[in-house]
Every structure is written in C-alpha cells, then in structure tokens.
$ cat work03.txt   # compact mmCIF, C-alpha atoms
# COMPACT_ATOMS: atom_id res chain seq x y z
CA MET A 30 0.00 0.00 0.00
CA SER A 31 1.59 3.22 -1.07
CA ARG A 32 0.72 6.84 -0.60
CA ARG A 33 0.32 8.30 -4.06
CA PRO A 34 1.19 11.93 -4.60
CA ASP A 35 -0.99 12.23 -7.73
CA VAL A 36 -4.34 12.14 -5.91
CA ASP A 37 -6.14 15.42 -6.32
CA SER A 38 -6.79 16.58 -2.76
CA GLU A 39 -10.03 18.42 -3.51
CA ARG A 40 -11.55 15.44 -5.31
CA HIS A 41 -10.30 13.32 -2.46
CA ALA A 42 -12.08 15.56 0.06
CA GLN A 43 -15.29 15.38 -2.01
CA ARG A 44 -15.12 11.62 -2.14
CA MET A 45 -14.52 11.41 1.59
CA ALA A 46 -17.47 13.71 2.27
CA HIS A 47 -19.58 11.52 -0.01
CA LYS A 48 -18.40 8.45 1.86
CA GLN A 49 -19.19 10.12 5.17
CA ARG A 50 -22.78 10.72 4.05
CA ILE A 51 -23.06 7.11 2.92
CA MET A 52 -21.68 5.87 6.23
CA ASN A 53 -24.18 7.97 8.14
CA GLU A 54 -27.00 6.55 6.04
CA ARG A 55 -25.66 3.09 6.71
CA ILE A 56 -25.58 3.62 10.42
CA ALA A 57 -29.15 4.94 10.26
CA ALA A 58 -30.26 1.85 8.34
CA ALA A 59 -27.73 -0.86 9.03
CA ASP A 60 -29.73 -3.61 7.37
CA LYS A 61 -30.03 -1.82 4.07
CA GLU A 62 -28.95 -3.82 1.05
CA GLN A 63 -26.15 -2.24 -0.94
CA GLY A 64 -23.20 -2.99 -3.13
CA VAL A 65 -19.86 -3.31 -1.40
CA LEU A 66 -16.37 -2.45 -2.61
CA LEU A 67 -13.89 -5.14 -1.59
CA VAL A 68 -10.13 -4.84 -1.94
CA LEU A 69 -7.85 -7.89 -1.72
CA THR A 70 -4.23 -6.86 -1.47
CA GLY A 71 -0.87 -7.73 0.11
CA PRO A 72 1.89 -10.10 -1.01
CA GLY A 73 0.29 -13.41 0.05
CA LYS A 74 -1.19 -15.99 -2.28
CA GLY A 75 -4.93 -16.10 -2.90
CA LYS A 76 -5.99 -12.59 -3.92
CA SER A 77 -7.16 -13.35 -7.46
CA SER A 78 -8.40 -16.79 -6.46
CA SER A 79 -10.52 -15.17 -3.81
CA GLY A 80 -11.97 -12.75 -6.35
CA PHE A 81 -12.81 -15.63 -8.65
CA GLY A 82 -14.36 -17.54 -5.75
CA MET A 83 -16.59 -14.55 -5.00
CA MET A 84 -17.54 -14.52 -8.66
CA ALA A 85 -18.54 -18.19 -8.43
CA ARG A 86 -20.56 -17.37 -5.33
CA ALA A 87 -22.42 -14.58 -7.16
CA LEU A 88 -23.05 -16.88 -10.14
CA GLY A 89 -24.41 -19.44 -7.67
CA HIS A 90 -26.98 -16.82 -6.68
CA GLY A 91 -27.94 -16.40 -10.35
CA MET A 92 -26.29 -12.99 -10.62
CA GLN A 93 -24.63 -11.64 -13.75
CA VAL A 94 -20.93 -10.83 -13.35
CA GLY A 95 -18.21 -9.00 -15.24
CA VAL A 96 -14.44 -9.52 -15.11
CA VAL A 97 -11.62 -7.41 -16.42
CA GLN A 98 -8.16 -8.87 -15.98
CA PHE A 99 -5.51 -6.18 -15.92
CA ILE A 100 -2.67 -8.65 -16.31
CA LYS A 101 -2.63 -11.22 -19.03
CA GLY A 102 -0.36 -14.03 -18.05
CA ALA A 103 0.08 -17.67 -17.20
CA PHE A 104 -1.54 -17.18 -13.81
CA SER A 105 -4.93 -16.56 -15.34
CA THR A 106 -5.25 -19.44 -17.78
CA GLY A 107 -7.18 -21.75 -15.46
CA GLU A 108 -9.78 -19.23 -14.40
CA GLU A 109 -10.13 -17.90 -17.90
CA ALA A 110 -10.76 -21.37 -19.34
CA PHE A 111 -13.27 -22.09 -16.61
CA PHE A 112 -15.25 -18.86 -16.47
CA ARG A 113 -14.91 -17.37 -19.94
CA ASN A 114 -17.80 -19.15 -21.62
CA LEU A 115 -20.16 -19.61 -18.71
CA PRO A 116 -23.60 -18.02 -19.01
CA GLY A 117 -23.81 -14.87 -16.90
CA VAL A 118 -20.10 -14.07 -17.28
CA ASP A 119 -18.69 -11.16 -19.30
CA TYR A 120 -14.95 -11.72 -19.42
CA HIS A 121 -12.28 -9.33 -20.70
CA VAL A 122 -8.53 -9.67 -20.65
CA MET A 123 -6.33 -6.68 -21.27
CA GLY A 124 -4.65 -6.61 -24.71
CA GLU A 125 -3.36 -9.99 -25.85
CA GLY A 126 0.41 -10.16 -25.79
CA TYR A 127 0.54 -7.21 -23.44
CA THR A 128 2.98 -7.51 -20.56
CA TRP A 129 4.08 -5.15 -17.82
CA ASP A 130 7.69 -5.92 -18.76
CA THR A 131 7.51 -4.32 -22.14
CA GLN A 132 9.79 -1.37 -22.73
CA ASP A 133 7.00 0.43 -24.57
CA ARG A 134 5.27 2.42 -21.87
CA GLU A 135 2.94 4.18 -24.27
CA ARG A 136 1.59 0.86 -25.48
CA ASP A 137 1.08 -0.22 -21.84
CA VAL A 138 -0.84 2.93 -21.04
CA ASP A 139 -3.04 2.50 -24.12
CA ALA A 140 -3.79 -1.13 -23.26
CA ALA A 141 -4.66 -0.19 -19.68
CA ALA A 142 -6.91 2.64 -20.86
CA ALA A 143 -8.76 0.29 -23.21
CA ALA A 144 -9.20 -2.23 -20.38
CA TRP A 145 -10.54 0.51 -18.12
CA GLU A 146 -13.11 1.41 -20.80
CA GLU A 147 -14.39 -2.19 -20.57
CA ALA A 148 -14.51 -1.86 -16.80
CA ARG A 149 -16.34 1.46 -16.99
CA ARG A 150 -18.94 -0.04 -19.34
CA MET A 151 -19.71 -2.54 -16.56
CA LEU A 152 -19.53 0.06 -13.78
CA VAL A 153 -22.41 2.06 -15.29
CA ASP A 154 -24.64 -0.96 -15.92
CA PRO A 155 -26.75 -2.22 -12.99
CA GLU A 156 -27.20 -5.55 -14.80
CA TYR A 157 -23.73 -6.46 -13.52
CA ALA A 158 -24.29 -7.50 -9.92
CA LEU A 159 -20.56 -8.04 -9.36
CA VAL A 160 -17.54 -6.69 -11.23
CA LEU A 161 -14.13 -8.26 -10.64
CA LEU A 162 -11.22 -5.96 -11.49
CA ASP A 163 -8.39 -8.46 -11.29
CA GLU A 164 -4.91 -6.99 -10.70
CA LEU A 165 -6.22 -3.45 -11.12
CA ASN A 166 -3.97 -2.43 -8.21
CA ILE A 167 -0.90 -3.27 -10.27
CA ALA A 168 -2.07 -1.08 -13.16
CA LEU A 169 -2.62 1.75 -10.68
CA HIS A 170 0.69 1.15 -8.95
CA GLN A 171 2.47 1.31 -12.29
CA GLY A 172 0.75 4.61 -12.99
CA TYR A 173 -0.90 3.29 -16.16
CA LEU A 174 -4.30 4.56 -15.08
CA GLU A 175 -5.27 7.81 -13.45
CA LEU A 176 -6.21 6.98 -9.88
CA ASP A 177 -8.72 9.83 -9.52
CA GLN A 178 -10.61 8.72 -12.61
CA VAL A 179 -10.74 5.13 -11.36
CA LEU A 180 -12.00 6.22 -7.93
CA ASP A 181 -14.65 8.50 -9.45
CA ASP A 182 -15.92 5.70 -11.69
CA LEU A 183 -16.02 3.25 -8.79
CA GLN A 184 -17.92 5.72 -6.67
CA ALA A 185 -20.46 6.52 -9.40
CA ARG A 186 -21.41 2.86 -9.93
CA PRO A 187 -24.97 1.55 -9.32
CA ALA A 188 -25.87 1.38 -5.63
CA MET A 189 -26.40 -2.38 -5.57
CA GLN A 190 -23.30 -3.33 -7.55
CA HIS A 191 -20.47 -5.19 -5.80
CA VAL A 192 -16.91 -4.60 -6.96
CA VAL A 193 -13.88 -6.72 -6.08
CA VAL A 194 -10.43 -5.23 -6.75
CA THR A 195 -7.36 -7.44 -6.45
CA GLY A 196 -3.60 -7.02 -6.61
CA ARG A 197 -0.63 -5.99 -4.50
CA TYR A 198 0.04 -2.38 -3.67
CA ALA A 199 -3.55 -1.16 -3.33
CA PRO A 200 -3.38 2.65 -3.29
CA GLU A 201 -4.26 4.19 0.05
CA ALA A 202 -7.09 6.27 -1.41
CA LEU A 203 -8.72 3.09 -2.72
CA ILE A 204 -8.39 1.45 0.70
CA GLU A 205 -10.05 4.48 2.26
CA MET A 206 -12.94 4.26 -0.17
CA ALA A 207 -13.40 0.49 0.18
CA ASP A 208 -15.91 -1.16 2.48
CA THR A 209 -13.87 -4.29 3.15
CA VAL A 210 -10.13 -4.75 2.76
CA THR A 211 -8.12 -7.91 3.30
CA GLU A 212 -4.35 -7.93 3.25
CA MET A 213 -2.84 -11.30 2.42
CA LYS A 214 0.35 -12.02 4.26
CA VAL A 215 2.87 -14.66 3.25
CA VAL A 216 3.51 -17.12 6.06
CA LYS A 217 5.21 -19.58 3.71
CA HIS A 218 5.49 -19.93 -0.03
CA ALA A 219 6.64 -23.22 -1.51
CA PHE A 220 7.32 -21.73 -4.91
CA LYS A 221 9.51 -18.92 -3.66
CA GLU A 222 11.12 -20.25 -0.51
CA GLN A 223 11.51 -23.91 -1.20
CA GLY A 224 12.47 -24.06 -4.85
CA VAL A 225 9.25 -25.88 -5.72
CA LYS A 226 7.98 -25.33 -9.25
CA ALA A 227 4.68 -23.45 -9.55
CA GLN A 228 2.00 -26.11 -9.90
CA LYS A 229 -0.72 -26.14 -12.51
CA GLY A 230 -4.18 -26.18 -10.97
CA VAL A 231 -3.36 -24.32 -7.81
CA GLU A 232 -0.82 -21.71 -8.83
CA LEU A 233 -1.24 -21.46 -12.59
CA MET B 19 -2.77 -20.27 15.03
CA SER B 20 -2.53 -22.13 18.26
CA ARG B 21 -0.08 -24.59 19.67
CA ARG B 22 -2.01 -27.73 20.41
CA PRO B 23 -0.97 -29.95 23.31
CA ASP B 24 -2.57 -33.08 21.79
CA VAL B 25 0.04 -33.55 19.04
CA ASP B 26 2.00 -36.72 19.64
CA SER B 27 5.63 -35.60 19.69
CA GLU B 28 7.06 -38.81 18.23
CA ARG B 29 4.67 -38.77 15.31
CA HIS B 30 5.45 -35.10 14.92
CA ALA B 31 9.17 -35.87 14.75
CA GLN B 32 8.53 -38.60 12.17
CA ARG B 33 6.49 -36.26 10.05
CA MET B 34 9.14 -33.58 10.25
CA ALA B 35 11.85 -36.08 9.25
CA HIS B 36 9.64 -37.13 6.35
CA LYS B 37 9.20 -33.51 5.36
CA GLN B 38 12.94 -32.93 5.60
CA ARG B 39 13.55 -35.80 3.15
CA ILE B 40 10.93 -34.38 0.79
CA MET B 41 12.48 -30.93 1.01
CA ASN B 42 15.91 -32.35 0.21
CA GLU B 43 14.48 -34.15 -2.79
CA ARG B 44 12.83 -30.92 -3.86
CA ILE B 45 16.04 -28.99 -3.64
CA ALA B 46 17.75 -31.70 -5.68
CA ALA B 47 15.04 -31.51 -8.34
CA ALA B 48 13.37 -28.14 -8.00
CA ASP B 49 11.39 -28.42 -11.20
CA LYS B 50 9.70 -31.68 -10.23
CA GLU B 51 5.93 -31.67 -10.48
CA GLN B 52 4.19 -32.44 -7.23
CA GLY B 53 1.07 -31.81 -5.25
CA VAL B 54 1.17 -28.90 -2.85
CA LEU B 55 -0.54 -28.40 0.49
CA LEU B 56 -1.91 -24.87 0.82
CA VAL B 57 -3.29 -23.39 4.01
CA LEU B 58 -5.43 -20.23 4.00
CA THR B 59 -5.92 -18.93 7.51
CA GLY B 60 -6.25 -15.76 9.60
CA PRO B 61 -9.25 -13.58 10.42
CA GLY B 62 -9.50 -11.68 7.11
CA LYS B 63 -12.15 -12.19 4.46
CA GLY B 64 -11.45 -14.36 1.44
CA LYS B 65 -10.16 -17.70 2.74
CA SER B 66 -12.97 -19.93 1.50
CA SER B 67 -13.47 -17.80 -1.61
CA SER B 68 -9.82 -18.28 -2.42
CA GLY B 69 -10.16 -22.05 -2.02
CA PHE B 70 -13.15 -22.03 -4.35
CA GLY B 71 -11.27 -19.87 -6.84
CA MET B 72 -8.42 -22.41 -6.86
CA MET B 73 -11.02 -25.09 -7.46
CA ALA B 74 -12.32 -23.16 -10.47
CA ARG B 75 -8.75 -22.82 -11.71
CA ALA B 76 -8.20 -26.59 -11.43
CA LEU B 77 -11.51 -27.26 -13.21
CA GLY B 78 -10.35 -24.86 -15.92
CA HIS B 79 -7.39 -27.18 -16.46
CA GLY B 80 -9.78 -30.13 -16.83
CA MET B 81 -8.86 -31.61 -13.46
CA GLN B 82 -11.24 -33.49 -11.18
CA VAL B 83 -11.75 -31.91 -7.76
CA GLY B 84 -13.27 -32.83 -4.41
CA VAL B 85 -14.70 -30.55 -1.74
CA VAL B 86 -15.63 -31.25 1.85
CA GLN B 87 -17.18 -28.35 3.72
CA PHE B 88 -16.69 -28.67 7.46
CA ILE B 89 -19.19 -25.95 8.26
CA LYS B 90 -22.67 -25.97 6.87
CA GLY B 91 -24.03 -22.46 6.92
CA ALA B 92 -25.29 -19.47 5.04
CA PHE B 93 -21.77 -18.58 3.91
CA SER B 94 -21.58 -21.59 1.65
CA THR B 95 -24.87 -21.39 -0.24
CA GLY B 96 -23.53 -19.51 -3.27
CA GLU B 97 -20.54 -21.75 -3.87
CA GLU B 98 -22.55 -24.85 -3.22
CA ALA B 99 -25.23 -23.87 -5.74
CA PHE B 100 -22.58 -23.03 -8.29
CA PHE B 101 -20.17 -25.95 -7.94
CA ARG B 102 -22.31 -28.79 -6.63
CA ASN B 103 -23.59 -30.14 -9.94
CA LEU B 104 -20.69 -29.29 -12.23
CA PRO B 105 -18.98 -32.16 -14.00
CA GLY B 106 -15.65 -32.97 -12.35
CA VAL B 107 -16.80 -31.85 -8.90
CA ASP B 108 -17.43 -34.18 -5.95
CA TYR B 109 -19.07 -32.02 -3.27
CA HIS B 110 -19.79 -32.96 0.32
CA VAL B 111 -21.19 -30.86 3.13
CA MET B 112 -20.92 -32.01 6.70
CA GLY B 113 -24.22 -33.27 8.21
CA GLU B 114 -27.23 -31.16 7.30
CA GLY B 115 -28.52 -29.14 10.21
CA TYR B 116 -25.20 -29.52 11.97
CA THR B 117 -23.85 -26.40 13.67
CA TRP B 118 -20.86 -25.74 15.87
CA ASP B 119 -23.19 -24.03 18.33
CA THR B 120 -25.05 -27.15 19.28
CA GLN B 121 -24.82 -28.24 22.88
CA ASP B 122 -24.46 -31.85 21.78
CA ARG B 123 -20.72 -32.30 21.46
CA GLU B 124 -20.95 -36.01 20.74
CA ARG B 125 -23.14 -35.33 17.72
CA ASP B 126 -20.64 -32.72 16.51
CA VAL B 127 -17.76 -35.15 16.84
CA ASP B 128 -19.69 -37.82 14.94
CA ALA B 129 -20.57 -35.41 12.13
CA ALA B 130 -16.96 -34.27 11.86
CA ALA B 131 -15.71 -37.87 11.81
CA ALA B 132 -18.16 -38.74 9.01
CA ALA B 133 -17.01 -35.68 7.04
CA TRP B 134 -13.40 -36.70 7.53
CA GLU B 135 -14.19 -40.14 6.11
CA GLU B 136 -15.39 -38.38 2.93
CA ALA B 137 -12.18 -36.38 2.88
CA ARG B 138 -10.05 -39.48 3.42
CA ARG B 139 -11.79 -41.26 0.53
CA MET B 140 -10.59 -38.40 -1.70
CA LEU B 141 -7.14 -38.27 -0.10
CA VAL B 142 -6.37 -41.86 -1.12
CA ASP B 143 -7.63 -41.46 -4.69
CA PRO B 144 -5.22 -39.99 -7.26
CA GLU B 145 -8.19 -39.22 -9.54
CA TYR B 146 -8.78 -36.14 -7.37
CA ALA B 147 -6.23 -33.59 -8.59
CA LEU B 148 -7.32 -31.08 -5.96
CA VAL B 149 -9.14 -31.53 -2.66
CA LEU B 150 -10.60 -28.49 -0.89
CA LEU B 151 -11.12 -28.99 2.85
CA ASP B 152 -13.16 -25.89 3.59
CA GLU B 153 -13.13 -24.73 7.24
CA LEU B 154 -11.23 -27.83 8.34
CA ASN B 155 -9.15 -25.62 10.64
CA ILE B 156 -12.26 -24.82 12.66
CA ALA B 157 -13.06 -28.50 13.16
CA LEU B 158 -9.48 -29.04 14.31
CA HIS B 159 -9.52 -25.99 16.53
CA GLN B 160 -12.70 -27.21 18.19
CA GLY B 161 -11.03 -30.57 18.80
CA TYR B 162 -13.67 -32.46 16.82
CA LEU B 163 -11.03 -34.30 14.81
CA GLU B 164 -7.77 -35.82 15.93
CA LEU B 165 -5.02 -33.62 14.54
CA ASP B 166 -2.48 -36.43 14.24
CA GLN B 167 -4.85 -38.53 12.18
CA VAL B 168 -5.62 -35.61 9.86
CA LEU B 169 -1.91 -34.84 9.38
CA ASP B 170 -1.10 -38.49 8.70
CA ASP B 171 -3.85 -38.73 6.09
CA LEU B 172 -2.72 -35.51 4.42
CA GLN B 173 0.84 -36.71 4.32
CA ALA B 174 -0.07 -40.12 2.88
CA ARG B 175 -2.02 -38.63 -0.06
CA PRO B 176 -1.02 -39.24 -3.71
CA ALA B 177 2.16 -37.37 -4.68
CA MET B 178 0.50 -35.25 -7.36
CA GLN B 179 -2.60 -34.29 -5.37
CA HIS B 180 -3.09 -30.66 -4.31
CA VAL B 181 -4.90 -29.95 -1.05
CA VAL B 182 -6.27 -26.59 0.06
CA VAL B 183 -7.22 -26.20 3.73
CA THR B 184 -9.13 -23.10 4.85
CA GLY B 185 -10.30 -21.61 8.12
CA ARG B 186 -9.11 -19.49 11.00
CA TYR B 187 -6.86 -20.91 13.69
CA ALA B 188 -4.77 -23.26 11.54
CA PRO B 189 -2.88 -25.53 13.96
CA GLU B 190 0.84 -24.91 14.04
CA ALA B 191 1.66 -28.50 13.08
CA LEU B 192 -0.43 -28.12 9.92
CA ILE B 193 1.37 -24.88 9.08
CA GLU B 194 4.70 -26.65 9.52
CA MET B 195 3.62 -29.41 7.16
CA ALA B 196 2.16 -27.08 4.53
CA ASP B 197 4.02 -25.92 1.44
CA THR B 198 2.30 -22.55 1.16
CA VAL B 199 0.50 -20.64 3.90
CA THR B 200 -1.33 -17.33 3.57
CA GLU B 201 -2.66 -15.48 6.57
CA MET B 202 -5.52 -13.12 5.78
CA LYS B 203 -5.48 -9.98 7.82
CA VAL B 204 -8.47 -7.67 8.30
CA VAL B 205 -7.66 -4.13 7.21
CA LYS B 206 -11.35 -3.17 7.18
CA HIS B 207 -14.59 -5.08 7.34
CA ALA B 208 -17.81 -3.33 6.33
CA PHE B 209 -19.99 -5.99 7.89
CA LYS B 210 -18.35 -5.92 11.29
CA GLU B 211 -17.05 -2.40 11.67
CA GLN B 212 -19.57 -0.32 9.83
CA GLY B 213 -22.87 -1.98 10.65
CA VAL B 214 -23.41 -2.95 7.03
CA LYS B 215 -25.51 -6.04 6.48
CA ALA B 216 -23.67 -9.01 4.98
CA GLN B 217 -24.38 -8.90 1.25
CA LYS B 218 -25.55 -11.81 -0.85
CA GLY B 219 -23.17 -12.55 -3.69
CA VAL B 220 -20.00 -11.42 -2.04
CA GLU B 221 -20.36 -12.41 1.58
CA LEU B 222 -23.13 -15.03 1.54
$ encode --input "work03.txt" --output "structure tokens"
Amino acid sequence: MSRRPDVDSERHAQRMAHKQRIMNERIAAADKEQGVLLVLTGPGKGKSSSGFGMMARALGHGMQVGVVQFIKGAFSTGEEAFFRNLPGVDYHVMGEGYTWDTQDRERDVDAAAAAWEEARRMLVDPEYALVLLDELNIALHQGYLELDQVLDDLQARPAMQHVVVTGRYAPEALIEMADTVTEMKVVKHAFKEQGVKAQKGVEL
Amino acid sequence: MSRRPDVDSERHAQRMAHKQRIMNERIAAADKEQGVLLVLTGPGKGKSSSGFGMMARALGHGMQVGVVQFIKGAFSTGEEAFFRNLPGVDYHVMGEGYTWDTQDRERDVDAAAAAWEEARRMLVDPEYALVLLDELNIALHQGYLELDQVLDDLQARPAMQHVVVTGRYAPEALIEMADTVTEMKVVKHAFKEQGVKAQKGVEL
C-alpha cells in the first residue's frame, strides 16, 4: 500500500465527504442492502483466487458478473478457461500479448486505458451484480491509469453493484474508499522459498 | 494459530523427518511436479473464496476436484449452488442441520468424523487432482477431529494431489507441514465495523 502523490486533494475531500454521508446513512439503516467495494491486497497468495471464488458465489446466486483482468499471463489461464464461456459471465482480458515488462510504456498505457473502458462499461450498468477488477492495483501502482478517474468511476457505480479489486500495492485512497479490505500475508510460499515449481491447478 | 498440546511428539518428529527428506528431494530436483498443500488462515475475508477460486482454476485445467465443507451455513450457499452439480466436482457438506453451536458435542464429533471419512476417501484417490477442505481448521480448533490422524492422512495422499485447507486458527503442526501458507489480515470489514448487512453474492 503506497501513498500516491498524484491524488487530487479536492476530489479526495469530495469523495470522503460523499463516503461520510453514505456511512451515516448506513448507520441509520444498518440492514439496508447495498453494493460493497472489496479490496484484496498484500503479497500473500490467494488474492485473485478469492476474487474468482466470489464470482462463483455470485453466479451461484444467479447474478450476472463481469471480469476485467488487468494482467494477461500464465496465472490466469485456469480461471479464464473455466469462467470465460459460462452463461452470466462477461470476461475481458487486457490486450493480448501485453505484458508489464515491455519497454514500450505508451503501449502499456493504451492497453490499460482500453481495459478501463471495458470496466467502466460494466460500472455504469446495474445488470452487472458483481464486477471483478483483477490486478487493477498493479495497473494503478504502475501509474498506467489515473487513480482519480478510477476512484470516481467506482464511486459513481450503481448502488447495488459489488466490486472486487485485487492485486498488491492497493493505493491508500482506494483502501479508504473500500468497504472491506483484506491484506494477504505470506507465512510460507513453496514456490519462492523452497524451490518448488509453480504447480498447474493451484498456482497457474 | 494455536499450539495444540494433543500432538504426539514422536509422530510429529517422524512427520518432520519425512518432510525434511521431501524438502531435500525438492532442492535436488526443483522443477519436479508435485502436489502442494496450501493453508489459507487468519481472520480476514477471502479464505474460502480463495479455495473455491483455486477449485475453479483446477476445473479450468480439466482436473477433477473434491470438496468437503466442514461448516454448513449461510456462507456456503452460493458456492454450493454453483459448484455442486458441475462435472468434475465431488461435493460434500458435513451433516445437514449440523452447527458448531449445538450443545451436543458427541453429535458434533460424529458429524466431523463422518465428514473426515469423505475427505479421506478423496485423499487416497489420485483421480482427485485437488481436494478443498473448507473450514477444516475450525473442526481441528474445536477438537472435533484428531489432529495427528488428519496430518497423517494428508501426508499419505497421492504425490501429485493438491490440497487446500481453509479456516481461521490453523494448527501450528499443519502450518509446519504445509508448502504454502497465507494469513488473511483484516484491514477493514464493512460488515463488522460499519454496521453494514452481509451482502448476498460477495459475503453469503
């Protein structure tokens, strides 16, 4: 979690005031149904898996869900194969062949912007009961998306829509805005500490 | 994570020696394929969801999976509805109507033992590429299952089988045996801290 200097402080104050009003309404009517913003961050294993599990849970309730994956890589192949063609799932992966390692920053920024347009399309449509923004935190951390724009779009979403944001390095302003935040801590990691190959099915 | 006095120290030493041998073999052949034991613990949100996401990932790779849920409750309805009847999924929920709140400890112990028999059936069958033991840590923490027996059965499983164990209060001996352990930390929880009702789709 990093403090980002590029957050506009006036917009931040407006968002916080907005959140304050929402919180007061919540306290006044604590059993009101509403969409929640969940952030899954930290270095431990299980952030994206957890997001996909929540997606399965929503599908189990007959809800329609949307996914935008902000990193295309080996780690997503299993979920993508499983969820991509299910009814009720709208699945987008940021530009094929795109990697964060590329030397071409402009291309990265363009790919991230296009992916955010897909996300925004979902974030204005109440038909999507849950939107999973997988690894969005990384795109924000890299500075490929404008944090203020992302926060404004998240805040403006339909009242009943749930959003799950995953990835290390969740920006502090996103954590402040979120309803529920879990930080995943590494206690042990076979792959990293013990020289064990990443295993298909659980890690890939 | 608690230190449990009921772990037999000789069996513990044997298991640790066994693990040491395995670790040495791993170091000698770090790219060897093998099943991994993952533990998802801690108070934060996302442990079971993460287990179910890993299950989806394994299904996406065409693997066969097994699930035993050691707590039957509202928190499982979404996943159960979604996964229960999928091809490739063998899904068991511990005794209907069973709760950890019951005053009848003997009935709890019997229900847990029956659930463990389902788990053990999967843990001896290499056809199951991944076995999810959802909330097993709670059953262990409550002392409804014998920890040594559980650890022995986990250790004796097929070499290529992945196991994911979820739940707060993972016993220390299980953490020692595991390959990968993530502890989920609460940064914020809307439901608990802010008086917001638990929301269907993400929390139920």
$ closest_residue --input "work03.txt" --among "B:Arg186, B:Arg123, B:Lys65, B:His159" --to "chain A" --atoms "all atoms listed in the file"
B:Lys65
$ atom_distance --input "work03.txt" --atom1 "CA of Val181 in chain B" --atom2 "CA of Ser27 in chain B"
23.9 Å
$ residues_around --input "work03.txt" --residues "range 78-82 of chain B" --least-positions-apart "3" --cutoff "6 Å" --atoms "only C-alpha atoms" --output "list in words"
Gly107, Glu108, Ala110 and Phe111 of chain A; Arg75, Gly106, Tyr146 and Ala147 of chain B
$ write_last_selection --input "work03.txt" --atoms "C-alpha atoms" --output "PDB file, keeping the file's coordinate frame"
ATOM      1  CA  GLY A 107      -7.180 -21.750 -15.460  1.00  0.00           C
ATOM      2  CA  GLU A 108      -9.780 -19.230 -14.400  1.00  0.00           C
ATOM      3  CA  ALA A 110     -10.760 -21.370 -19.340  1.00  0.00           C
ATOM      4  CA  PHE A 111     -13.270 -22.090 -16.610  1.00  0.00           C
TER       5      PHE A 111
ATOM      6  CA  ARG B  75      -8.750 -22.820 -11.710  1.00  0.00           C
ATOM      7  CA  GLY B 106     -15.650 -32.970 -12.350  1.00  0.00           C
ATOM      8  CA  TYR B 146      -8.780 -36.140  -7.370  1.00  0.00           C
ATOM      9  CA  ALA B 147      -6.230 -33.590  -8.590  1.00  0.00           C
TER      10      ALA B 147
END
$ closest_residue --input "work03.txt" --among "B:Gly53, B:Pro105, B:Gly71, B:Gly185" --to "chain A" --atoms "only C-alpha atoms"
B:Gly71
$ closest_residue --input "work03.txt" --among "B:Trp134, B:Phe101, B:Tyr187, B:Tyr109" --to "Ile156 in chain B" --atoms "only C-alpha atoms"
B:Tyr187
$ atom_distance --input "work03.txt" --atom1 "CA of Val122 in chain A" --atom2 "CA of Ala168 in chain A"
13.1 Å
$ closest_residue --input "work03.txt" --among "A:Thr70, A:Gln171, A:Gln190, A:Gln178" --to "Val153 in chain A" --atoms "only C-alpha atoms"
A:Gln190
$ atom_distance --input "work03.txt" --atom1 "CA of Leu158 in chain B" --atom2 "CA of Asp26 in chain B"
14.8 Å
$ closest_residue --input "work03.txt" --among "A:Ala140, A:Met123, A:Glu109, A:Gly75" --to "Thr184 in chain B" --atoms "all atoms listed in the file"
A:Gly75
$ closest_residue --input "work03.txt" --among "A:Leu165, A:Val96, A:Leu66, A:Val215" --to "Gln184 in chain A" --atoms "all atoms listed in the file"
A:Leu66
$ residues_around --input "work03.txt" --residues "Met45 in chain A" --least-positions-apart "6" --cutoff "10 Å" --atoms "only C-alpha atoms" --output "list of chain:residue names"
A:Glu39, A:Ile51, A:Ala202, A:Glu205, A:Met206
$ residues_around --input "work03.txt" --residues "Leu150 in chain B" --least-positions-apart "4" --cutoff "12 Å" --atoms "all atoms listed in the file" --output "ChimeraX atom specification"
/A:231 /B:54-58,65-74,76,82-88,107-111,136-138,140-141,146,154-155,172,179-185
$ axis_aligned_box --input "work03.txt" --around "range 70-79 of chain B" --padding-each-side "3 Å" --output "lines of an AutoDock Vina configuration file"
center_x = -10.3
center_y = -23.6
center_z = -10.4
size_x = 11.8
size_y = 13.4
size_z = 18.1
$ build_atoms --input "work03.txt" --residues "range 130-142 of chain B" --atoms "N, CA and C atoms" --output "mmCIF file, in the frame of the given file"
data_model
loop_
_atom_site.group_PDB
_atom_site.id
_atom_site.type_symbol
_atom_site.label_atom_id
_atom_site.label_comp_id
_atom_site.auth_asym_id
_atom_site.auth_seq_id
_atom_site.Cartn_x
_atom_site.Cartn_y
_atom_site.Cartn_z
ATOM 1 N N ALA B 130 -18.301 -34.603 12.349
ATOM 2 C CA ALA B 130 -16.960 -34.270 11.860
ATOM 3 C C ALA B 130 -16.227 -35.531 11.407
ATOM 4 N N ALA B 131 -16.373 -36.605 12.163
ATOM 5 C CA ALA B 131 -15.710 -37.870 11.810
ATOM 6 C C ALA B 131 -16.250 -38.386 10.473
ATOM 7 N N ALA B 132 -17.561 -38.290 10.276
ATOM 8 C CA ALA B 132 -18.160 -38.740 9.010
ATOM 9 C C ALA B 132 -17.652 -37.879 7.850
ATOM 10 N N ALA B 133 -17.537 -36.577 8.084
ATOM 11 C CA ALA B 133 -17.010 -35.680 7.040
ATOM 12 C C ALA B 133 -15.558 -36.026 6.728
ATOM 13 N N TRP B 134 -14.793 -36.347 7.772
ATOM 14 C CA TRP B 134 -13.400 -36.700 7.530
ATOM 15 C C TRP B 134 -13.279 -37.988 6.717
ATOM 16 N N GLU B 135 -14.205 -38.911 6.917
ATOM 17 C CA GLU B 135 -14.190 -40.140 6.110
ATOM 18 C C GLU B 135 -14.379 -39.814 4.622
ATOM 19 N N GLU B 136 -15.236 -38.840 4.322
ATOM 20 C CA GLU B 136 -15.390 -38.380 2.930
ATOM 21 C C GLU B 136 -14.074 -37.803 2.419
ATOM 22 N N ALA B 137 -13.453 -36.997 3.267
ATOM 23 C CA ALA B 137 -12.180 -36.380 2.880
ATOM 24 C C ALA B 137 -11.123 -37.461 2.637
ATOM 25 N N ARG B 138 -11.068 -38.440 3.537
ATOM 26 C CA ARG B 138 -10.050 -39.480 3.420
ATOM 27 C C ARG B 138 -10.239 -40.309 2.143
ATOM 28 N N ARG B 139 -11.497 -40.540 1.783
ATOM 29 C CA ARG B 139 -11.790 -41.260 0.530
ATOM 30 C C ARG B 139 -11.161 -40.527 -0.655
ATOM 31 N N MET B 140 -11.203 -39.191 -0.618
ATOM 32 C CA MET B 140 -10.590 -38.400 -1.700
ATOM 33 C C MET B 140 -9.066 -38.405 -1.593
ATOM 34 N N LEU B 141 -8.582 -38.391 -0.346
ATOM 35 C CA LEU B 141 -7.140 -38.270 -0.100
ATOM 36 C C LEU B 141 -6.364 -39.551 -0.412
ATOM 37 N N VAL B 142 -7.072 -40.635 -0.706
ATOM 38 C CA VAL B 142 -6.370 -41.860 -1.120
ATOM 39 C C VAL B 142 -6.569 -42.113 -2.614
#
